[in-house]
>>> print(open('final15.cif').read())   # mmCIF, C-alpha atoms; chains and numbers go by the auth columns
data_coords
#
loop_
_atom_site.group_PDB
_atom_site.id
_atom_site.type_symbol
_atom_site.label_atom_id
_atom_site.label_comp_id
_atom_site.label_asym_id
_atom_site.label_seq_id
_atom_site.Cartn_x
_atom_site.Cartn_y
_atom_site.Cartn_z
_atom_site.B_iso_or_equiv
_atom_site.auth_seq_id
_atom_site.auth_asym_id
ATOM 1 C CA LEU A 1 -12.783 -45.933 -17.417 0.00 110 A
ATOM 2 C CA GLU A 2 -9.912 -48.006 -16.096 0.00 111 A
ATOM 3 C CA LYS A 3 -8.352 -48.129 -19.561 0.00 112 A
ATOM 4 C CA LYS A 4 -8.578 -44.325 -19.835 0.00 113 A
ATOM 5 C CA ILE A 5 -6.833 -43.928 -16.489 0.00 114 A
ATOM 6 C CA VAL A 6 -4.044 -46.297 -17.599 0.00 115 A
ATOM 7 C CA ARG A 7 -3.640 -44.426 -20.879 0.00 116 A
ATOM 8 C CA ARG A 8 -3.436 -41.086 -19.098 0.00 117 A
ATOM 9 C CA TRP A 9 -0.895 -42.507 -16.706 0.00 118 A
ATOM 10 C CA TYR A 10 1.272 -43.749 -19.562 0.00 119 A
ATOM 11 C CA PHE A 11 0.866 -40.400 -21.352 0.00 120 A
ATOM 12 C CA LEU A 12 1.925 -38.479 -18.233 0.00 121 A
ATOM 13 C CA LYS A 13 4.925 -40.772 -17.775 0.00 122 A
ATOM 14 C CA LEU A 14 5.897 -40.240 -21.420 0.00 123 A
ATOM 15 C CA CYS A 15 5.599 -36.462 -21.078 0.00 124 A
ATOM 16 C CA LEU A 16 7.631 -36.495 -17.879 0.00 125 A
ATOM 17 C CA PHE A 17 10.281 -38.679 -19.482 0.00 126 A
ATOM 18 C CA THR A 18 10.457 -36.354 -22.525 0.00 127 A
ATOM 19 C CA VAL A 19 10.809 -33.292 -20.306 0.00 128 A
ATOM 20 C CA ILE A 20 13.574 -34.938 -18.271 0.00 129 A
ATOM 21 C CA ILE A 21 15.454 -36.042 -21.397 0.00 130 A
ATOM 22 C CA GLY A 22 15.015 -32.595 -22.983 0.00 131 A
ATOM 23 C CA ALA A 23 16.284 -30.886 -19.856 0.00 132 A
ATOM 24 C CA ALA A 24 19.255 -33.247 -19.671 0.00 133 A
ATOM 25 C CA VAL A 25 20.141 -32.653 -23.321 0.00 134 A
ATOM 26 C CA THR A 26 19.780 -28.876 -22.950 0.00 135 A
ATOM 27 C CA PHE A 27 21.941 -28.896 -19.829 0.00 136 A
ATOM 28 C CA GLY A 28 24.534 -31.076 -21.527 0.00 137 A
ATOM 29 C CA MET A 29 24.640 -28.906 -24.650 0.00 138 A
ATOM 30 C CA LYS A 30 25.179 -25.799 -22.560 0.00 139 A
ATOM 31 C CA SER A 31 27.772 -27.330 -20.247 0.00 140 A
ATOM 32 C CA ASN A 32 31.512 -26.713 -20.572 0.00 141 A
ATOM 33 C CA TYR A 33 31.927 -30.265 -21.816 0.00 142 A
ATOM 34 C CA PHE A 34 30.832 -29.086 -25.281 0.00 143 A
ATOM 35 C CA ASN A 35 32.897 -25.913 -25.332 0.00 144 A
ATOM 36 C CA ILE A 36 35.311 -25.818 -28.289 0.00 145 A
ATOM 37 C CA ASN A 37 38.884 -26.315 -27.131 0.00 146 A
ATOM 38 C CA LYS A 38 40.493 -27.577 -30.335 0.00 147 A
ATOM 39 C CA ILE A 39 40.385 -26.232 -33.897 0.00 148 A
ATOM 40 C CA GLN A 40 41.837 -28.267 -36.753 0.00 149 A
ATOM 41 C CA VAL A 41 42.562 -26.510 -40.066 0.00 150 A
ATOM 42 C CA GLU A 42 42.836 -28.471 -43.306 0.00 151 A
ATOM 43 C CA ASN A 43 44.126 -27.714 -46.833 0.00 152 A
ATOM 44 C CA ASN A 44 45.793 -24.434 -45.868 0.00 153 A
ATOM 45 C CA THR A 45 49.119 -23.386 -47.395 0.00 154 A
ATOM 46 C CA TYR A 46 49.269 -19.602 -47.441 0.00 155 A
ATOM 47 C CA VAL A 47 47.021 -19.111 -44.417 0.00 156 A
ATOM 48 C CA GLY A 48 48.455 -20.133 -41.047 0.00 157 A
ATOM 49 C CA THR A 49 46.558 -22.572 -38.824 0.00 158 A
ATOM 50 C CA GLU A 50 46.828 -20.332 -35.784 0.00 159 A
ATOM 51 C CA GLU A 51 45.600 -17.363 -37.810 0.00 160 A
ATOM 52 C CA VAL A 52 42.494 -19.236 -38.962 0.00 161 A
ATOM 53 C CA ALA A 53 41.750 -20.347 -35.404 0.00 162 A
ATOM 54 C CA SER A 54 42.220 -16.819 -34.117 0.00 163 A
ATOM 55 C CA LEU A 55 40.104 -15.203 -36.847 0.00 164 A
ATOM 56 C CA SER A 56 37.246 -17.654 -36.270 0.00 165 A
ATOM 57 C CA GLU A 57 36.985 -16.681 -32.580 0.00 166 A
ATOM 58 C CA LEU A 58 35.399 -20.073 -31.873 0.00 167 A
ATOM 59 C CA LYS A 59 37.514 -21.285 -28.986 0.00 168 A
ATOM 60 C CA GLY A 60 35.509 -21.456 -25.788 0.00 169 A
ATOM 61 C CA LYS A 61 32.203 -21.264 -27.672 0.00 170 A
ATOM 62 C CA ASN A 62 29.606 -24.020 -27.365 0.00 171 A
ATOM 63 C CA ILE A 63 29.967 -26.409 -30.292 0.00 172 A
ATOM 64 C CA PHE A 64 26.196 -26.588 -30.831 0.00 173 A
ATOM 65 C CA PHE A 65 25.545 -22.858 -30.659 0.00 174 A
ATOM 66 C CA MET A 66 28.570 -21.488 -32.522 0.00 175 A
ATOM 67 C CA ASN A 67 27.796 -18.850 -35.162 0.00 176 A
ATOM 68 C CA LYS A 68 29.275 -20.401 -38.309 0.00 177 A
ATOM 69 C CA SER A 69 28.365 -17.584 -40.685 0.00 178 A
ATOM 70 C CA GLN A 70 29.980 -15.022 -38.398 0.00 179 A
ATOM 71 C CA ALA A 71 33.127 -17.146 -38.082 0.00 180 A
ATOM 72 C CA ILE A 72 33.325 -17.544 -41.873 0.00 181 A
ATOM 73 C CA ASP A 73 33.014 -13.788 -42.399 0.00 182 A
ATOM 74 C CA LYS A 74 35.903 -13.234 -40.001 0.00 183 A
ATOM 75 C CA ILE A 75 38.102 -15.855 -41.673 0.00 184 A
ATOM 76 C CA PHE A 76 37.485 -14.104 -44.998 0.00 185 A
ATOM 77 C CA ASN A 77 39.508 -11.182 -43.601 0.00 186 A
ATOM 78 C CA ASN A 78 42.506 -13.135 -44.824 0.00 187 A
ATOM 79 C CA PRO A 79 42.752 -12.253 -48.554 0.00 188 A
ATOM 80 C CA TYR A 80 43.989 -15.727 -49.536 0.00 189 A
ATOM 81 C CA VAL A 81 40.771 -17.461 -48.451 0.00 190 A
ATOM 82 C CA GLU A 82 38.448 -18.493 -51.282 0.00 191 A
ATOM 83 C CA SER A 83 35.901 -20.532 -49.304 0.00 192 A
ATOM 84 C CA VAL A 84 35.405 -22.090 -45.847 0.00 193 A
ATOM 85 C CA THR A 85 33.499 -25.120 -44.552 0.00 194 A
ATOM 86 C CA PHE A 86 33.058 -26.419 -41.003 0.00 195 A
ATOM 87 C CA LYS A 87 32.661 -29.857 -39.462 0.00 196 A
ATOM 88 C CA ARG A 88 31.915 -30.633 -35.809 0.00 197 A
ATOM 89 C CA LYS A 89 33.753 -33.446 -34.008 0.00 198 A
ATOM 90 C CA LEU A 90 32.028 -33.981 -30.696 0.00 199 A
ATOM 91 C CA PRO A 91 32.489 -33.180 -27.981 0.00 200 A
ATOM 92 C CA SER A 92 34.776 -30.151 -28.416 0.00 201 A
ATOM 93 C CA THR A 93 36.633 -30.088 -31.760 0.00 202 A
ATOM 94 C CA VAL A 94 35.879 -28.102 -34.923 0.00 203 A
ATOM 95 C CA VAL A 95 37.482 -28.897 -38.276 0.00 204 A
ATOM 96 C CA ILE A 96 37.804 -25.909 -40.619 0.00 205 A
ATOM 97 C CA ASN A 97 38.449 -26.731 -44.268 0.00 206 A
ATOM 98 C CA ILE A 98 40.046 -23.881 -46.200 0.00 207 A
ATOM 99 C CA LYS A 99 40.046 -23.492 -49.965 0.00 208 A
ATOM 100 C CA GLU A 100 42.704 -20.963 -50.870 0.00 209 A
ATOM 101 C CA LYS A 101 42.904 -18.759 -53.932 0.00 210 A
ATOM 102 C CA ASP A 102 44.995 -20.109 -56.768 0.00 211 A
ATOM 103 C CA ILE A 103 47.873 -17.621 -57.043 0.00 212 A
ATOM 104 C CA LYS A 104 48.994 -17.348 -60.662 0.00 213 A
ATOM 105 C CA GLY A 105 51.120 -14.228 -61.089 0.00 214 A
ATOM 106 C CA LEU A 106 52.486 -10.922 -59.841 0.00 215 A
ATOM 107 C CA ILE A 107 51.952 -7.351 -61.001 0.00 216 A
ATOM 108 C CA LYS A 108 54.054 -4.269 -60.244 0.00 217 A
ATOM 109 C CA TYR A 109 52.495 -1.797 -57.839 0.00 218 A
ATOM 110 C CA GLN A 110 54.451 1.280 -56.750 0.00 219 A
ATOM 111 C CA ASN A 111 57.621 -0.123 -55.119 0.00 220 A
ATOM 112 C CA SER A 112 56.074 -3.537 -54.446 0.00 221 A
ATOM 113 C CA TYR A 113 54.141 -6.294 -56.194 0.00 222 A
ATOM 114 C CA ILE A 114 50.602 -7.614 -55.889 0.00 223 A
ATOM 115 C CA ASN A 115 49.955 -11.311 -56.353 0.00 224 A
ATOM 116 C CA ILE A 116 46.870 -12.208 -58.364 0.00 225 A
ATOM 117 C CA ASP A 117 44.696 -15.295 -58.701 0.00 226 A
ATOM 118 C CA ARG A 118 43.616 -17.141 -61.845 0.00 227 A
ATOM 119 C CA GLU A 119 40.689 -14.730 -62.339 0.00 228 A
ATOM 120 C CA GLY A 120 43.027 -11.734 -62.334 0.00 229 A
ATOM 121 C CA ARG A 121 41.890 -10.551 -58.884 0.00 230 A
ATOM 122 C CA MET A 122 44.258 -8.803 -56.507 0.00 231 A
ATOM 123 C CA VAL A 123 45.120 -10.816 -53.402 0.00 232 A
ATOM 124 C CA GLN A 124 47.908 -9.263 -51.358 0.00 233 A
ATOM 125 C CA ILE A 125 50.818 -6.813 -51.590 0.00 234 A
ATOM 126 C CA ILE A 126 54.191 -8.562 -51.648 0.00 235 A
ATOM 127 C CA ASN A 127 57.246 -6.541 -50.666 0.00 236 A
ATOM 128 C CA LYS A 128 59.766 -9.159 -51.746 0.00 237 A
ATOM 129 C CA PHE A 129 61.317 -9.071 -55.201 0.00 238 A
ATOM 130 C CA PRO A 130 59.934 -11.872 -57.447 0.00 239 A
ATOM 131 C CA ASP A 131 61.844 -15.133 -57.093 0.00 240 A
ATOM 132 C CA GLY A 132 60.851 -16.483 -60.500 0.00 241 A
ATOM 133 C CA LYS A 133 58.290 -18.956 -59.209 0.00 242 A
ATOM 134 C CA LEU A 134 55.442 -16.827 -60.554 0.00 243 A
ATOM 135 C CA PRO A 135 55.404 -14.789 -63.784 0.00 244 A
ATOM 136 C CA VAL A 136 55.278 -10.996 -63.631 0.00 245 A
ATOM 137 C CA ILE A 137 52.439 -9.407 -65.599 0.00 246 A
ATOM 138 C CA GLU A 138 53.358 -6.447 -67.796 0.00 247 A
ATOM 139 C CA GLY A 139 51.154 -4.164 -69.836 0.00 248 A
ATOM 140 C CA VAL A 140 48.667 -3.333 -67.054 0.00 249 A
ATOM 141 C CA LEU A 141 48.831 -0.243 -64.858 0.00 250 A
ATOM 142 C CA VAL A 142 47.555 -0.699 -61.290 0.00 251 A
ATOM 143 C CA ASP A 143 46.923 2.599 -59.489 0.00 252 A
ATOM 144 C CA HIS A 144 45.348 1.236 -56.312 0.00 253 A
ATOM 145 C CA TYR A 145 45.233 -1.941 -54.279 0.00 254 A
ATOM 146 C CA LYS A 146 41.954 -3.514 -53.232 0.00 255 A
ATOM 147 C CA PRO A 147 41.753 -7.236 -52.299 0.00 256 A
ATOM 148 C CA ASN A 148 39.452 -9.327 -54.526 0.00 257 A
ATOM 149 C CA GLU A 149 39.136 -6.562 -57.114 0.00 258 A
ATOM 150 C CA LYS A 150 40.103 -7.416 -60.690 0.00 259 A
ATOM 151 C CA ILE A 151 43.173 -5.608 -61.963 0.00 260 A
ATOM 152 C CA ILE A 152 41.420 -5.157 -65.332 0.00 261 A
ATOM 153 C CA GLN A 153 37.794 -4.055 -65.231 0.00 262 A
ATOM 154 C CA ILE A 154 36.969 -2.109 -68.380 0.00 263 A
ATOM 155 C CA ASP A 155 39.081 -3.612 -71.181 0.00 264 A
ATOM 156 C CA GLU A 156 37.339 -6.925 -71.926 0.00 265 A
ATOM 157 C CA LYS A 157 39.935 -7.990 -74.535 0.00 266 A
ATOM 158 C CA LYS A 158 42.847 -7.409 -72.194 0.00 267 A
ATOM 159 C CA GLU A 159 40.997 -9.181 -69.379 0.00 268 A
ATOM 160 C CA LYS A 160 40.639 -12.260 -71.583 0.00 269 A
ATOM 161 C CA ALA A 161 44.292 -12.037 -72.572 0.00 270 A
ATOM 162 C CA LEU A 162 45.291 -11.964 -68.914 0.00 271 A
ATOM 163 C CA LYS A 163 43.029 -14.808 -67.822 0.00 272 A
ATOM 164 C CA TYR A 164 44.067 -17.188 -70.600 0.00 273 A
ATOM 165 C CA SER A 165 47.737 -16.239 -70.321 0.00 274 A
ATOM 166 C CA LEU A 166 47.741 -17.016 -66.611 0.00 275 A
ATOM 167 C CA SER A 167 46.579 -20.526 -67.461 0.00 276 A
ATOM 168 C CA ILE A 168 50.100 -21.341 -68.687 0.00 277 A
ATOM 169 C CA THR A 169 51.110 -21.751 -65.045 0.00 278 A
ATOM 170 C CA ASP A 170 48.878 -24.835 -64.973 0.00 279 A
ATOM 171 C CA TYR A 171 51.557 -26.561 -67.025 0.00 280 A
ATOM 172 C CA LYS A 172 54.674 -27.251 -64.981 0.00 281 A
ATOM 173 C CA GLU A 173 56.959 -27.370 -68.017 0.00 282 A
ATOM 174 C CA PHE A 174 56.030 -23.756 -68.857 0.00 283 A
ATOM 175 C CA LYS A 175 55.613 -22.401 -65.346 0.00 284 A
ATOM 176 C CA GLU A 176 59.293 -23.100 -64.702 0.00 285 A
ATOM 177 C CA LYS A 177 60.411 -21.408 -67.920 0.00 286 A
ATOM 178 C CA ILE A 178 58.366 -18.184 -68.119 0.00 287 A
ATOM 179 C CA SER A 179 59.299 -15.078 -66.122 0.00 288 A
ATOM 180 C CA VAL A 180 57.086 -12.396 -67.734 0.00 289 A
ATOM 181 C CA ILE A 181 53.696 -12.265 -69.446 0.00 290 A
ATOM 182 C CA ASP A 182 53.288 -9.079 -71.495 0.00 291 A
ATOM 183 C CA ILE A 183 49.694 -8.277 -72.489 0.00 292 A
ATOM 184 C CA SER A 184 50.288 -4.649 -73.543 0.00 293 A
ATOM 185 C CA ASP A 185 48.651 -5.653 -76.810 0.00 294 A
ATOM 186 C CA PRO A 186 46.032 -8.375 -76.107 0.00 295 A
ATOM 187 C CA TYR A 187 46.213 -9.448 -79.746 0.00 296 A
ATOM 188 C CA ASN A 188 49.974 -9.918 -79.510 0.00 297 A
ATOM 189 C CA ILE A 189 50.709 -11.592 -76.174 0.00 298 A
ATOM 190 C CA VAL A 190 54.403 -12.054 -75.445 0.00 299 A
ATOM 191 C CA LEU A 191 55.851 -14.551 -72.967 0.00 300 A
ATOM 192 C CA LYS A 192 59.411 -13.848 -71.860 0.00 301 A
ATOM 193 C CA SER A 193 61.339 -16.975 -70.965 0.00 302 A
ATOM 194 C CA LYS A 194 64.096 -17.186 -68.370 0.00 303 A
ATOM 195 C CA ASN A 195 66.659 -18.159 -71.012 0.00 304 A
ATOM 196 C CA GLY A 196 66.169 -14.946 -72.996 0.00 305 A
ATOM 197 C CA ILE A 197 63.854 -16.238 -75.715 0.00 306 A
ATOM 198 C CA ASP A 198 60.543 -14.442 -76.192 0.00 307 A
ATOM 199 C CA ILE A 199 57.387 -16.246 -77.307 0.00 308 A
ATOM 200 C CA LYS A 200 54.974 -14.299 -79.499 0.00 309 A
ATOM 201 C CA LEU A 201 51.613 -16.041 -79.174 0.00 310 A
ATOM 202 C CA GLY A 202 49.266 -13.688 -80.978 0.00 311 A
ATOM 203 C CA ASP A 203 45.895 -13.412 -79.222 0.00 312 A
ATOM 204 C CA TRP A 204 44.478 -15.441 -76.325 0.00 313 A
ATOM 205 C CA ASN A 205 42.704 -18.066 -78.426 0.00 314 A
ATOM 206 C CA ASP A 206 43.952 -21.678 -78.329 0.00 315 A
ATOM 207 C CA ILE A 207 46.885 -20.872 -76.065 0.00 316 A
ATOM 208 C CA GLU A 208 47.348 -24.487 -74.962 0.00 317 A
ATOM 209 C CA TYR A 209 47.420 -25.630 -78.588 0.00 318 A
ATOM 210 C CA LYS A 210 49.962 -22.951 -79.514 0.00 319 A
ATOM 211 C CA LEU A 211 52.212 -23.791 -76.590 0.00 320 A
ATOM 212 C CA SER A 212 52.389 -27.425 -77.693 0.00 321 A
ATOM 213 C CA PHE A 213 54.397 -26.211 -80.739 0.00 322 A
ATOM 214 C CA VAL A 214 56.575 -23.891 -78.677 0.00 323 A
ATOM 215 C CA LEU A 215 57.949 -26.318 -76.098 0.00 324 A
ATOM 216 C CA PRO A 216 60.019 -28.496 -78.491 0.00 325 A
ATOM 217 C CA ILE A 217 61.730 -25.358 -79.841 0.00 326 A
ATOM 218 C CA LEU A 218 62.259 -23.868 -76.393 0.00 327 A
ATOM 219 C CA ASP A 219 63.922 -27.092 -75.249 0.00 328 A
ATOM 220 C CA THR A 220 66.289 -27.293 -78.209 0.00 329 A
ATOM 221 C CA PRO A 221 69.875 -27.470 -76.812 0.00 330 A
ATOM 222 C CA GLU A 222 71.266 -25.408 -79.728 0.00 331 A
ATOM 223 C CA LEU A 223 69.114 -22.449 -78.669 0.00 332 A
ATOM 224 C CA LYS A 224 70.186 -22.509 -75.037 0.00 333 A
ATOM 225 C CA ASN A 225 72.064 -19.186 -75.127 0.00 334 A
ATOM 226 C CA SER A 226 70.410 -17.690 -78.175 0.00 335 A
ATOM 227 C CA LYS A 227 68.685 -14.316 -78.113 0.00 336 A
ATOM 228 C CA GLY A 228 65.581 -14.261 -80.228 0.00 337 A
ATOM 229 C CA TYR A 229 61.905 -15.088 -80.312 0.00 338 A
ATOM 230 C CA ILE A 230 59.535 -17.869 -81.219 0.00 339 A
ATOM 231 C CA GLU A 231 56.667 -16.705 -83.366 0.00 340 A
ATOM 232 C CA VAL A 232 53.491 -18.777 -83.329 0.00 341 A
ATOM 233 C CA TYR A 233 51.255 -18.492 -86.365 0.00 342 A
ATOM 234 C CA SER A 234 47.489 -18.912 -86.559 0.00 343 A
ATOM 235 C CA ASP A 235 47.845 -22.360 -88.143 0.00 344 A
ATOM 236 C CA GLY A 236 49.773 -23.557 -85.066 0.00 345 A
ATOM 237 C CA THR A 237 53.243 -23.617 -86.590 0.00 346 A
ATOM 238 C CA ALA A 238 56.064 -21.994 -84.646 0.00 347 A
ATOM 239 C CA ILE A 239 59.433 -20.676 -85.879 0.00 348 A
ATOM 240 C CA PHE A 240 62.486 -19.383 -84.010 0.00 349 A
ATOM 241 C CA LYS A 241 63.958 -16.119 -85.262 0.00 350 A
ATOM 242 C CA LYS A 242 66.978 -14.203 -84.048 0.00 351 A
ATOM 243 C CA TYR A 243 66.699 -10.545 -83.145 0.00 352 A
ATOM 244 C CA ARG A 244 68.464 -8.343 -85.650 0.00 353 A
#
>>> encode(input="final15.cif", output="structure tokens")
Amino acid sequence: LEKKIVRRWYFLKLCLFTVIIGAAVTFGMKSNYFNINKIQVENNTYVGTEEVASLSELKGKNIFFMNKSQAIDKIFNNPYVESVTFKRKLPSTVVINIKEKDIKGLIKYQNSYINIDREGRMVQIINKFPDGKLPVIEGVLVDHYKPNEKIIQIDEKKEKALKYSLSITDYKEFKEKISVIDISDPYNIVLKSKNGIDIKLGDWNDIEYKLSFVLPILDTPELKNSKGYIEVYSDGTAIFKKYR
């Protein structure tokens, strides 16, 4: 009997201790001490830090009870955002990691331009005239602007031509030389260089391989002010020809 009484006493003490600790933790979690007062934003280039913090609407919220999914949805209102992750830094800081869309080109739209990502999706209307840092896409008519919508939806061949052509901007040596990508005919893609020489690639297959034959010709000093085109054949050979 005495042992039972001792056990009950220990059990009651344990329960009381648990309740006290639970109450203390609950009180602490709900106190202002854990309210978010600092938001750090990482890996953002196009999207401003203050904009991300404002869109998230997390400041002043309790760090344990913040609604992450709701905050993410709000941050996605910025068209440049590809994905978002959060990390808590107790007691009152949240780190927001932004993955931005990879902007690869521009396309004419009315009196402006729309920048597009590597998947050919529309991102944002740009009112400034292209500065040559991104190639302009020709051969596609855009009659409306809708963020995240692909500029080509029905023509599968032209969509492939666009996607693989945009990959040339992955190579710095070409990104700095090409001003226009013309996919009017997806089987005869034409790159227009800044020095006036066109590059006729054929279709979208093996673009990287084809470009490896183009670069030595494009960099030839004797062709610096020449007006003509480089034609790339299916076997990978490339020849410069002057326009008649």
>>> residues_around(input="final15.cif", residues="stretch 267-279 of chain A", least_positions_apart="3", cutoff="9 Å", atoms="all atoms listed in the file", output="MDAnalysis selection string")
chainID A and resid 213:214 226:229 243:244 246 249 259:264 282:285 287 290:296 298 300 312:317 320
>>> resolve_selection(input="final15.cif", expression="the PyMOL selection byres ((chain A and resi 347) around 12)", output="list in words")
Ile308, Lys309, Leu310, Gly311, Tyr318, Lys319, Leu320, Ser321, Phe322, Val323, Leu324, Pro325, Ile326, Leu327, Tyr338, Ile339, Glu340, Val341, Tyr342, Ser343, Asp344, Gly345, Thr346, Ile348, Phe349 and Lys350 of chain A
>>> atom_distance(input="final15.cif", atom1="atom CA of A:Glu151", atom2="atom CA of A:Glu258")
26.2 Å
>>> resolve_selection(input="final15.cif", expression="the PyMOL selection byres ((chain A and resi 208) around 9)", output="ChimeraX atom specification")
/A:151-153,189-194,206-207,209-210
>>> closest_residue(input="final15.cif", among="A:Asp328, A:Ile205, A:Tyr254, A:Lys333", to="A:Glu159", atoms="all atoms listed in the file")
A:Ile205
>>> atom_distance(input="final15.cif", atom1="atom CA of A:Phe238", atom2="atom CA of A:Lys266")
28.8 Å
>>> resolve_selection(input="final15.cif", expression="the PyMOL selection byres ((chain A and resi 160-170) around 6)", output="VMD selection string")
chain A and resid 144 to 146 157 to 159 171 180 183 to 184
>>> atom_distance(input="final15.cif", atom1="atom CA of A:Gln179", atom2="atom CA of A:Leu199")
20.6 Å
>>> closest_residue(input="final15.cif", among="A:Gly305, A:Pro200, A:Gly248, A:Pro188", to="A:Met231", atoms="all atoms listed in the file")
A:Pro188
>>> residues_near_point(input="final15.cif", point="(57.9, -13.4, -58.9)", cutoff="9 Å", atoms="all atoms listed in the file", output="list in words")
Gly214, Leu215, Ile216, Tyr222, Asn224, Lys237, Phe238, Pro239, Asp240, Gly241, Lys242, Leu243, Pro244, Val245, Ser288 and Val289 of chain A
>>> closest_residue(input="final15.cif", among="A:Lys198, A:Lys122, A:Lys255, A:Lys336", to="A:Gln233", atoms="all atoms listed in the file")
A:Lys255
>>> closest_residue(input="final15.cif", among="A:Val232, A:Ile148, A:Leu250, A:Ile181", to="A:Ser201", atoms="only C-alpha atoms")
A:Ile148
>>> closest_residue(input="final15.cif", among="A:Lys303, A:Lys147, A:Lys177, A:Lys281", to="A:Asn334", atoms="all atoms listed in the file")
A:Lys303
>>> decode(input="final15.cif", residues="stretch 220-231 of chain A", atoms="N, CA, C and O atoms", output="PDB file, in the first residue's frame")
ATOM      1  N   ASN A 220       3.691  47.575 -78.041  1.00  0.00           N
ATOM      2  CA  ASN A 220       4.784  48.551 -78.082  1.00  0.00           C
ATOM      3  C   ASN A 220       5.841  48.272 -77.015  1.00  0.00           C
ATOM      4  O   ASN A 220       6.662  49.139 -76.706  1.00  0.00           O
ATOM      5  N   SER A 221       5.808  47.074 -76.456  1.00  0.00           N
ATOM      6  CA  SER A 221       6.742  46.703 -75.388  1.00  0.00           C
ATOM      7  C   SER A 221       7.366  45.349 -75.701  1.00  0.00           C
ATOM      8  O   SER A 221       7.271  44.846 -76.822  1.00  0.00           O
ATOM      9  N   TYR A 222       7.996  44.771 -74.688  1.00  0.00           N
ATOM     10  CA  TYR A 222       8.572  43.434 -74.792  1.00  0.00           C
ATOM     11  C   TYR A 222       8.167  42.633 -73.556  1.00  0.00           C
ATOM     12  O   TYR A 222       7.888  43.194 -72.497  1.00  0.00           O
ATOM     13  N   ILE A 223       8.147  41.323 -73.718  1.00  0.00           N
ATOM     14  CA  ILE A 223       7.906  40.419 -72.594  1.00  0.00           C
ATOM     15  C   ILE A 223       9.154  39.573 -72.425  1.00  0.00           C
ATOM     16  O   ILE A 223       9.659  39.005 -73.409  1.00  0.00           O
ATOM     17  N   ASN A 224       9.695  39.504 -71.207  1.00  0.00           N
ATOM     18  CA  ASN A 224      10.820  38.587 -71.027  1.00  0.00           C
ATOM     19  C   ASN A 224      10.291  37.179 -70.723  1.00  0.00           C
ATOM     20  O   ASN A 224       9.233  37.010 -70.134  1.00  0.00           O
ATOM     21  N   ILE A 225      11.032  36.194 -71.175  1.00  0.00           N
ATOM     22  CA  ILE A 225      10.600  34.803 -71.056  1.00  0.00           C
ATOM     23  C   ILE A 225      11.687  33.962 -70.403  1.00  0.00           C
ATOM     24  O   ILE A 225      12.876  34.282 -70.494  1.00  0.00           O
ATOM     25  N   ASP A 226      11.268  32.880 -69.750  1.00  0.00           N
ATOM     26  CA  ASP A 226      12.236  32.010 -69.084  1.00  0.00           C
ATOM     27  C   ASP A 226      12.669  30.884 -70.012  1.00  0.00           C
ATOM     28  O   ASP A 226      12.266  30.826 -71.186  1.00  0.00           O
ATOM     29  N   ARG A 227      13.491  29.969 -69.510  1.00  0.00           N
ATOM     30  CA  ARG A 227      14.062  28.925 -70.352  1.00  0.00           C
ATOM     31  C   ARG A 227      13.019  27.943 -70.878  1.00  0.00           C
ATOM     32  O   ARG A 227      13.273  27.200 -71.825  1.00  0.00           O
ATOM     33  N   GLU A 228      11.826  27.911 -70.259  1.00  0.00           N
ATOM     34  CA  GLU A 228      10.756  27.042 -70.739  1.00  0.00           C
ATOM     35  C   GLU A 228       9.851  27.754 -71.739  1.00  0.00           C
ATOM     36  O   GLU A 228       8.859  27.182 -72.192  1.00  0.00           O
ATOM     37  N   GLY A 229      10.183  29.006 -72.057  1.00  0.00           N
ATOM     38  CA  GLY A 229       9.359  29.759 -72.998  1.00  0.00           C
ATOM     39  C   GLY A 229       8.102  30.328 -72.367  1.00  0.00           C
ATOM     40  O   GLY A 229       7.137  30.648 -73.066  1.00  0.00           O
ATOM     41  N   ARG A 230       8.110  30.502 -71.035  1.00  0.00           N
ATOM     42  CA  ARG A 230       6.949  31.066 -70.337  1.00  0.00           C
ATOM     43  C   ARG A 230       7.106  32.573 -70.171  1.00  0.00           C
ATOM     44  O   ARG A 230       8.199  33.066 -69.906  1.00  0.00           O
ATOM     45  N   MET A 231       6.008  33.285 -70.311  1.00  0.00           N
ATOM     46  CA  MET A 231       6.018  34.726 -70.130  1.00  0.00           C
ATOM     47  C   MET A 231       6.241  35.070 -68.652  1.00  0.00           C
ATOM     48  O   MET A 231       5.673  34.425 -67.777  1.00  0.00           O
TER      49      MET A 231
END
